[in-house]
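Written below as structure tokens is the structure these notes are about.
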Amino acid sequence: MLDINLIRNNPEKVRKALLKKNWDADFTILIKKFDEKKDLIKKNDELKAEKNKLSAQVPVLKKEGKSTEKIFETVKNINSEIEHYDSIIKQLNDEIFEYVSALPNIPDDDLADGGKENNKTIRTFGKKPQFDFEAKNHIDLCENLGLIDYSRAAKLSGKGTWMYTGDGARLEWALLNFFIGEHLKDEYKFILPPHILNYESGFVAGQFPKFEKDVFWLEGTEPKKFILPTAETALVNFHRDEILNENELPKKYFAYTPCYRCEAGSYRTEERGMIRGYQFNKVEIFQYTTPEKSDEAFEELVKKAESLAEKLGLHFQTSKLAAADCSHSMSRTYDIEVWIPSMEIYKEVSSASNARDYQARRGNIRFKDNKTGKSRFCHILNASGLATARIIPAIVEQFQNKDGSVNIPDVLVPFMNGQNVLSPIKK
């Protein structure tokens with residue numbers, strides 16, 4: 001959530017910044033409502049002061065044997081005025097909150113305007129694999145190797161799903177174990193959060209109210225609950241309504257969860273198989289830090305995500321997203337994108353993002369400044385570390401052999417009990 005004082009003091013600057021995200025905001029009515037609220041609060045304070053002054057006269061008048069009837073009548077009228085103004089103030093507060101909570105985060109100054117057409121590749125790792133045979137796509141490879149059963153998954157759940165089988169399940173688990181081990185080495189704290197969350201969790205993450213239709217809601221629950229679309233939604237609420245000690249920062253966490261999303265995609269050719277689905281596994285890395293350490297934390301998360309893909313031996317690129325391609329809650333995002341040979345396209349496997357204080361304001365997450373002793377909002381950052389549903393297609397396509405087998409990345413071999421090749425199954 002944006003700082004209302006920032007909007008009041010620099011409305012045109014904020015408006016221009018949000019235009020970079022293709023969001024055209026007019027703050028005229030908002031500022032008018034805020035000023036009206038401020039005036040009413042001042043009137044109420046004056047009325048309360050007058051009420052207190054009158055109330056102080058009551059014991060004096062009683063002691064002098066004089067009537068207090070007029071004072072009580074005046075106090076009664078003042079209370080009615082205060083109650084009336086309180087009602088208007090509450091309504092204005094609700095309207096201001098509703099408007100401000102819908103606004104996206106302000107993008108960083110150095111981001112390009114507009115959408116994905118203005119994204120910029122800033123680094124490339126490895127080379128595109130070259131094959132001296134007719135290479136297969138990941139759908140055929142996964143079926144021939146017995147890694148994925150699409151038809152039975154569709155029978156169980158419908159389109160947008162898949163089911164890992166045999167070596168596929170083992171490879172998926174090997175990836176997750178590899179990621180977990182790498183994050184533990186870097187002294188991130190492992191969290192296994194609940195998968196069913198309350199509305200406030202989605203609001204703090206900045207996913208609600210804008211993206212309420214993109215999650216799976218549970219019927220018959222009161223209050224309303226939904227299934228998490230990413231571990232970020234849980235981790236960002238870990239310190240909700242808390243004041244942290246500056247000496248404890250940065251707080252570094254990671255979590256494994258399945259991710260559940262009801263916007264599974266259009267099932268175009270480039271989104272077949274595991275490229276987009278209703279459910280997929282992901283390890284999320286996360287930091288709470290001070291504003292002064294925010295940029296340093298972002299670079300750390302980007303390098304961690306890149307390191308995972310690099311250790312797997314994959315060809316990939318890192319892209320700096322343009323303002324409008326960053327998500328609603330984020331000021332800055334770099335995507336790590338693996339090469340899918342059959343599609344001749346790069347697909348995102350990690351988004352490293354900095355929300356600055358946007359999510360912290362929504363969740364009232366602060367730290368006590370050592371120098372001033374005052375509370376300040378934390379900066380909150382996240383990155384996928386990594387999403388497996390696009391890593392496996394990249395592995396099987398980039399490391400495929402002429403005989404239909406696939407080489408397992410060296411870092412995964414220990415988690416595969418020494419197995420280093422995936423071989424086609426006998427039908």
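Numbering starts fresh at 1 for the residues of each chain in the structure tokens, the chains themselves are lettered A, B, ... in the order given, and ligands are numbered from 1 as they appear.
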message: Neighbouring residues of A:Ile285 were defined as those with any atom within 10 Å, considering only C-alpha atoms; residues of the same chain fewer than 4 positions away were excluded. Please report them as a PyMOL selection string.
response: chain A and resi 180+183+188-190+231-232+235+252-256+301+304-305+352+381-386
message: If we count only C-alpha atoms and set the cut-off at 12 Å, which residues sit around A:Lys224, ignoring sequence neighbours fewer than 5 positions away in its own chain? Please answer as a list of chain:residue names.
response: A:Ile196, A:Leu197, A:Asn198, A:Tyr199, A:Glu200, A:Ser201, A:Gly202, A:Glu212, A:Phe216, A:Trp217, A:Leu218, A:Glu219
Just write the chosen residues, C-alpha atoms, as a short mmCIF file (atom, residue, chain, number, x, y, z; two decimals), in the first residue's frame.
data_model
loop_
_atom_site.label_atom_id
_atom_site.label_comp_id
_atom_site.auth_asym_id
_atom_site.auth_seq_id
_atom_site.Cartn_x
_atom_site.Cartn_y
_atom_site.Cartn_z
CA ILE A 196 -5.15 -22.64 3.44
CA LEU A 197 -5.04 -18.92 4.20
CA ASN A 198 -7.43 -16.19 5.31
CA TYR A 199 -8.44 -13.14 3.27
CA GLU A 200 -6.09 -10.82 5.16
CA SER A 201 -3.11 -12.89 4.00
CA GLY A 202 -4.03 -12.27 0.38
CA GLU A 212 -9.36 -12.35 -5.98
CA PHE A 216 -9.20 -21.21 -5.46
CA TRP A 217 -11.69 -20.29 -2.73
CA LEU A 218 -13.00 -22.83 -0.23
CA GLU A 219 -16.78 -22.97 0.01
#
task: For each of A:Ala387, A:Val75, A:Ala360, A:Ala309, take the minimum atom-to-atom distance to A:Tyr288, counting only C-alpha atoms, then give the residue where this is smallest.
output: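 Checking each candidate against A:Tyr288, we get A:Ala360 as the closest.
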- request: as number ranges by chain, list the residues of stretch 30-244 of chain A assigned to strand (DSSP E or B) by DSSP on the backbone atoms of this structure.
  value: A: 120-125, 148, 164, 189-191, 196-198, 216-218, 225-227, 243-244
Export, as a PDB file, in the first residue's frame, the selected residues with C-alpha atoms.
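For reference, again-v9.pdb as written:
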ATOM      1  CA  LYS A 120      15.625  -6.106 -21.168  1.00  0.00           C
ATOM      2  CA  THR A 121      17.918  -9.149 -21.094  1.00  0.00           C
ATOM      3  CA  ILE A 122      20.813  -8.258 -18.800  1.00  0.00           C
ATOM      4  CA  ARG A 123      22.678 -11.597 -18.559  1.00  0.00           C
ATOM      5  CA  THR A 124      22.852 -14.900 -20.444  1.00  0.00           C
ATOM      6  CA  PHE A 125      24.274 -18.152 -19.063  1.00  0.00           C
ATOM      7  CA  ILE A 148       4.631 -37.938 -16.517  1.00  0.00           C
ATOM      8  CA  TYR A 164       4.638 -37.467 -11.855  1.00  0.00           C
ATOM      9  CA  LYS A 189      15.347 -20.665   7.753  1.00  0.00           C
ATOM     10  CA  PHE A 190      13.124 -23.471   6.409  1.00  0.00           C
ATOM     11  CA  ILE A 191       9.348 -22.917   6.751  1.00  0.00           C
ATOM     12  CA  ILE A 196      -5.151 -22.644   3.440  1.00  0.00           C
ATOM     13  CA  LEU A 197      -5.042 -18.920   4.201  1.00  0.00           C
ATOM     14  CA  ASN A 198      -7.429 -16.190   5.310  1.00  0.00           C
ATOM     15  CA  PHE A 216      -9.199 -21.206  -5.459  1.00  0.00           C
ATOM     16  CA  TRP A 217     -11.688 -20.290  -2.726  1.00  0.00           C
ATOM     17  CA  LEU A 218     -13.002 -22.828  -0.228  1.00  0.00           C
ATOM     18  CA  LYS A 225     -10.378 -18.872   3.037  1.00  0.00           C
ATOM     19  CA  PHE A 226      -8.404 -19.703  -0.080  1.00  0.00           C
ATOM     20  CA  ILE A 227      -5.623 -22.073  -1.173  1.00  0.00           C
ATOM     21  CA  ILE A 243       7.668  -4.764  15.346  1.00  0.00           C
ATOM     22  CA  LEU A 244      11.033  -6.447  14.733  1.00  0.00           C
TER      23      LEU A 244
END
Distance criterion (only C-alpha atoms): nearest to A:Pro250 out of A:Leu412, A:Ala389, A:Leu171, A:Ala297: A:Ala297
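The two atoms in question, atom CA of A:Ser423 and atom CA of A:Asp140, are spaced 13.1 Å apart.
Closest approach to A:Asn370 from the set A:Ala25, A:Val396, A:Leu103, A:Leu249 is made by A:Leu249, with distances taken over only C-alpha atoms.
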